[in-house]
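What follows is a single structure, written as structure tokens, with notes after it.
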Amino acid sequence: MADPSNPLIVQSDKTVLLEVAHPLYEAARDALARFAELERSPEHIHTYRLTPLSLWNAASAGLSALEITDTLAKFAKYEIPDNVTADLLDAVARYGRVTLEKGGEGTLRLAADTEALFLQLRGHKKIAPYLKDEAGPRAAFVLAEDRGLLKQALLEIGFPADDRAGYQDGAPLLIRMRETTRSGLPFTLRGYQREAVDVFHAGGSERGGSGVLVLPCGAGKTLIGIGAMERLATKTLILVTNITAARQWRDEIIERTTLTEDQIGEYSGETKEIRPVTIATYQILLSRRGRGQAANAPGDYPHFKLFNSENWGLILYDEVHLLPAPVFRITAGLQARRRLGLTATLIREDGKEGDVFTLIGPKRYDAPWKKLEREGWIATGYCHEVRVPLAGDQRLAYAVADDKDRHRIAATNPLKLPVAQALIDRHPGESVLVIGQYLEQLDEFAKGLDAPILTGKTPNAVRAKLYREFKEGKRRVLVVSKVANFAVDLPNAAVAIQISGTYGSRQEEAQRLGRVLRPKEDANTAHFYTLVSKDTCDQDFAMKRQRFLTEQGYRYSIESWNPENVVA
């Protein structure tokens, strides 16, 4: 029932306005996150949009159209426009109108819920090539090998398939999680981690076994992945962003399960081990023949043979929002394998969220960041933007530069160095990561702060040593490039200072904030600073990145670096 005192306004263009200062803001935000996408998030009013993909994700998670409309009505100031209700009902109803089920040998059965829809599909130029012999009045057989490509095509024309064709079990592998880790500490999955595993597995039914789990950095996505491995008890291929992440996965598996070192292989640029649990990097998969030529087919990537080298029962994609396009292509042919994607955010800067939906699976679980923060599972985060003026000579260079050089000049503003030092001094005794994009800038900061630097060129042995010393408190400050954006376990990092980044990437913002959100033993707080050159494109890009932070419920404070070198 609409109530003028409520925090939501649902508009006829399918945008939803949410009043931030309202007492029901958090409840409404958490409810909206299940079926709407955040578009804009300035201080007072946040704008969400109901999109087909957001509604299909909700439908695949079991949310009905009635539950969505009831939620909107519960928080709405005014009556929901009739066209919004009609379009919402239509979008949700489209999910599952087309189903995929097992067919005969090497085939699947595509079925439509009405004869008219089947005839529409049969006549569509994107769908018709996949449809073979008829399998009933509203059904046709399709080749099993076309399963992924057909699902992509169906999504494009607005009829996402409910894939009930099931999966190969894969070769068995006994995996048990330990009640006591090898280090002697008691261990069990947290409640939300068990819930995420249960939702993915779905009791072993055809509705489970593929999908994406969205949880903040520090919430234990690796442990959820291990929980899924235990539940399925099958040979597993794990894809990760880099060697550091691969070795962290290996260490966690050995520490917390009954698997032994000789059952876990690393497949990377340094070694090529294929074992019952194999952990491969995206980089090695992208290595290809004829480096000077464009790669257009899976055959151009010799390491793709890894996907069929063993009878994998589970393929696990860590940081699935970073999945490279060529791996999407090979994944299209792996639809008979169970697939689990793990990520802190489904935002993809290339706009391929639809490919994640069809080829990895729909979003099955989304844990609100602020809820986990309130429960103490991740640190309480405070986000700050510090605006730094450009020096006189830099301002002149910025004024006459082209767009690309303007970004570099603003991002590498030398006045950011004393600001970073002042912020480090503001947090005595706390461990600090200084994160940036430009290597020359990082070198200058490492020298100015008398801190070690870690980049993509740092040998893995040196990288591991620096991480270990940082964890042990022997080094309080680390200067790191974007190699530290992903899957780096530094639980004692309490402060991050971002000095430059990839334009306005919200994806990157999520990862960098996540470096400091792991729970702390003492004061469970974390501070994330972004240094921005005032009145430049640097400041414009920062405004875009705020969108992700406010989507998760973080408030953004703005500070200025004044002429007296004091952060005010």
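The way I read the labels, and the way they are meant: chains A, B, ... in the order of the structure tokens, residue 1 as the first residue of every chain, and ligand 1 as the first ligand shown, with later ones counted on from there.
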
| task | Run DSSP on the backbone of this structure and report the residues of region 40-238 of chain A it assigns to strand (DSSP E or B), as a PyMOL selection string. | result | chain A and resi 40+45-49+76+98-102+107-112+134+139-143+161-163+172+177+180+186+210-214+234+236-238

Would you pick out the contacts of Glu101 (chain A) at 10 Å or less, using only C-alpha atoms, so that residues sharing its chain but fewer than 3 positions from it are not included, and give the list as a short mmCIF file (atom, residue, chain, number, x, y, z; two decimals) with C-alpha atoms, in the first residue's frame?
data_model
loop_
_atom_site.label_atom_id
_atom_site.label_comp_id
_atom_site.auth_asym_id
_atom_site.auth_seq_id
_atom_site.Cartn_x
_atom_site.Cartn_y
_atom_site.Cartn_z
CA THR A 107 21.37 -33.94 -27.93
CA LEU A 108 19.22 -31.74 -25.74
CA ARG A 109 15.52 -30.99 -25.99
CA LEU A 110 14.50 -27.35 -26.29
CA ALA A 111 10.86 -26.76 -25.39
CA PHE A 141 16.32 -31.35 -30.50
CA ASP A 162 15.82 -22.34 -17.86
CA ASP A 163 18.60 -24.89 -18.27
CA ARG A 164 17.50 -28.20 -16.72
CA ALA A 165 19.74 -30.45 -18.78
CA GLY A 166 21.89 -31.38 -15.81
CA GLU A 206 19.34 -29.81 -12.18
#

| message | Using DSSP assignments from the backbone, pull out every residue in region 311-417 of chain A that falls under alpha helix (DSSP H) and give it to me as a PyMOL selection string. | response | chain A and resi 325-331+353-355+369-374+392-400+403-411+416-417

Requested write-out: C-alpha atoms of the selected residues, as an mmCIF file, in the first residue's frame:
data_model
loop_
_atom_site.group_PDB
_atom_site.id
_atom_site.type_symbol
_atom_site.label_atom_id
_atom_site.label_comp_id
_atom_site.auth_asym_id
_atom_site.auth_seq_id
_atom_site.Cartn_x
_atom_site.Cartn_y
_atom_site.Cartn_z
ATOM 1 C CA ALA A 325 36.468 -13.083 -23.524
ATOM 2 C CA PRO A 326 38.352 -16.094 -24.978
ATOM 3 C CA VAL A 327 37.560 -18.090 -21.824
ATOM 4 C CA PHE A 328 33.895 -17.222 -22.317
ATOM 5 C CA ARG A 329 34.163 -18.847 -25.746
ATOM 6 C CA ILE A 330 35.593 -22.093 -24.417
ATOM 7 C CA THR A 331 33.088 -22.012 -21.527
ATOM 8 C CA GLU A 353 27.124 -9.432 -17.624
ATOM 9 C CA GLY A 354 24.740 -11.270 -19.951
ATOM 10 C CA ASP A 355 27.493 -13.730 -20.895
ATOM 11 C CA TRP A 369 28.360 -5.847 2.363
ATOM 12 C CA LYS A 370 26.918 -3.712 5.153
ATOM 13 C CA LYS A 371 25.042 -6.664 6.653
ATOM 14 C CA LEU A 372 28.269 -8.659 6.971
ATOM 15 C CA GLU A 373 29.934 -5.563 8.370
ATOM 16 C CA ARG A 374 27.250 -5.171 11.038
ATOM 17 C CA GLY A 392 51.438 25.543 -11.125
ATOM 18 C CA ASP A 393 53.572 23.945 -13.839
ATOM 19 C CA GLN A 394 51.380 20.836 -13.844
ATOM 20 C CA ARG A 395 48.234 22.930 -14.204
ATOM 21 C CA LEU A 396 49.600 24.601 -17.325
ATOM 22 C CA ALA A 397 50.630 21.245 -18.815
ATOM 23 C CA TYR A 398 47.171 19.853 -18.006
ATOM 24 C CA ALA A 399 45.417 22.780 -19.692
ATOM 25 C CA VAL A 400 47.117 22.232 -23.064
ATOM 26 C CA ASP A 403 42.548 13.779 -23.036
ATOM 27 C CA LYS A 404 44.909 10.820 -22.577
ATOM 28 C CA ASP A 405 47.767 12.971 -21.292
ATOM 29 C CA ARG A 406 45.393 14.916 -19.072
ATOM 30 C CA HIS A 407 44.472 11.726 -17.270
ATOM 31 C CA ARG A 408 48.115 10.811 -16.732
ATOM 32 C CA ILE A 409 49.073 14.330 -15.539
ATOM 33 C CA ALA A 410 46.177 14.479 -13.089
ATOM 34 C CA ALA A 411 46.695 10.930 -11.823
ATOM 35 C CA LYS A 416 49.908 13.462 -3.833
ATOM 36 C CA LEU A 417 53.129 12.181 -2.218
#

| said: Would you pick out the contacts of Glu179 (chain A) at 8 Å or less, using only C-alpha atoms, so that residues sharing its chain but fewer than 4 positions from it are not included, and give the list as a list in words? | reply: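 Counting only the stated atoms, we get Pro186, Phe187 and Thr188 of chain A.
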
| task | Mind checking which residues fall within 10 Å of Leu232 (chain A), counting only C-alpha atoms, ignoring those fewer than 2 positions away in the same chain, and posting them as a ChimeraX atom specification? | result | /A:169-170,172-175,201,204,209,226-230,234-236,313-314,338

| message | So that I can check the surroundings of region 518-531 of chain A, please list as a ChimeraX atom specification every protein, DNA and RNA residue that reaches within 10 Å of it, counting only C-alpha atoms and ignoring chain neighbours fewer than 5 positions away. | response | /A:216-220,373,376-388,411,413,415-417,419-420,423,427,430,432-435,489-501,509,512-513,538-539,542,556-561
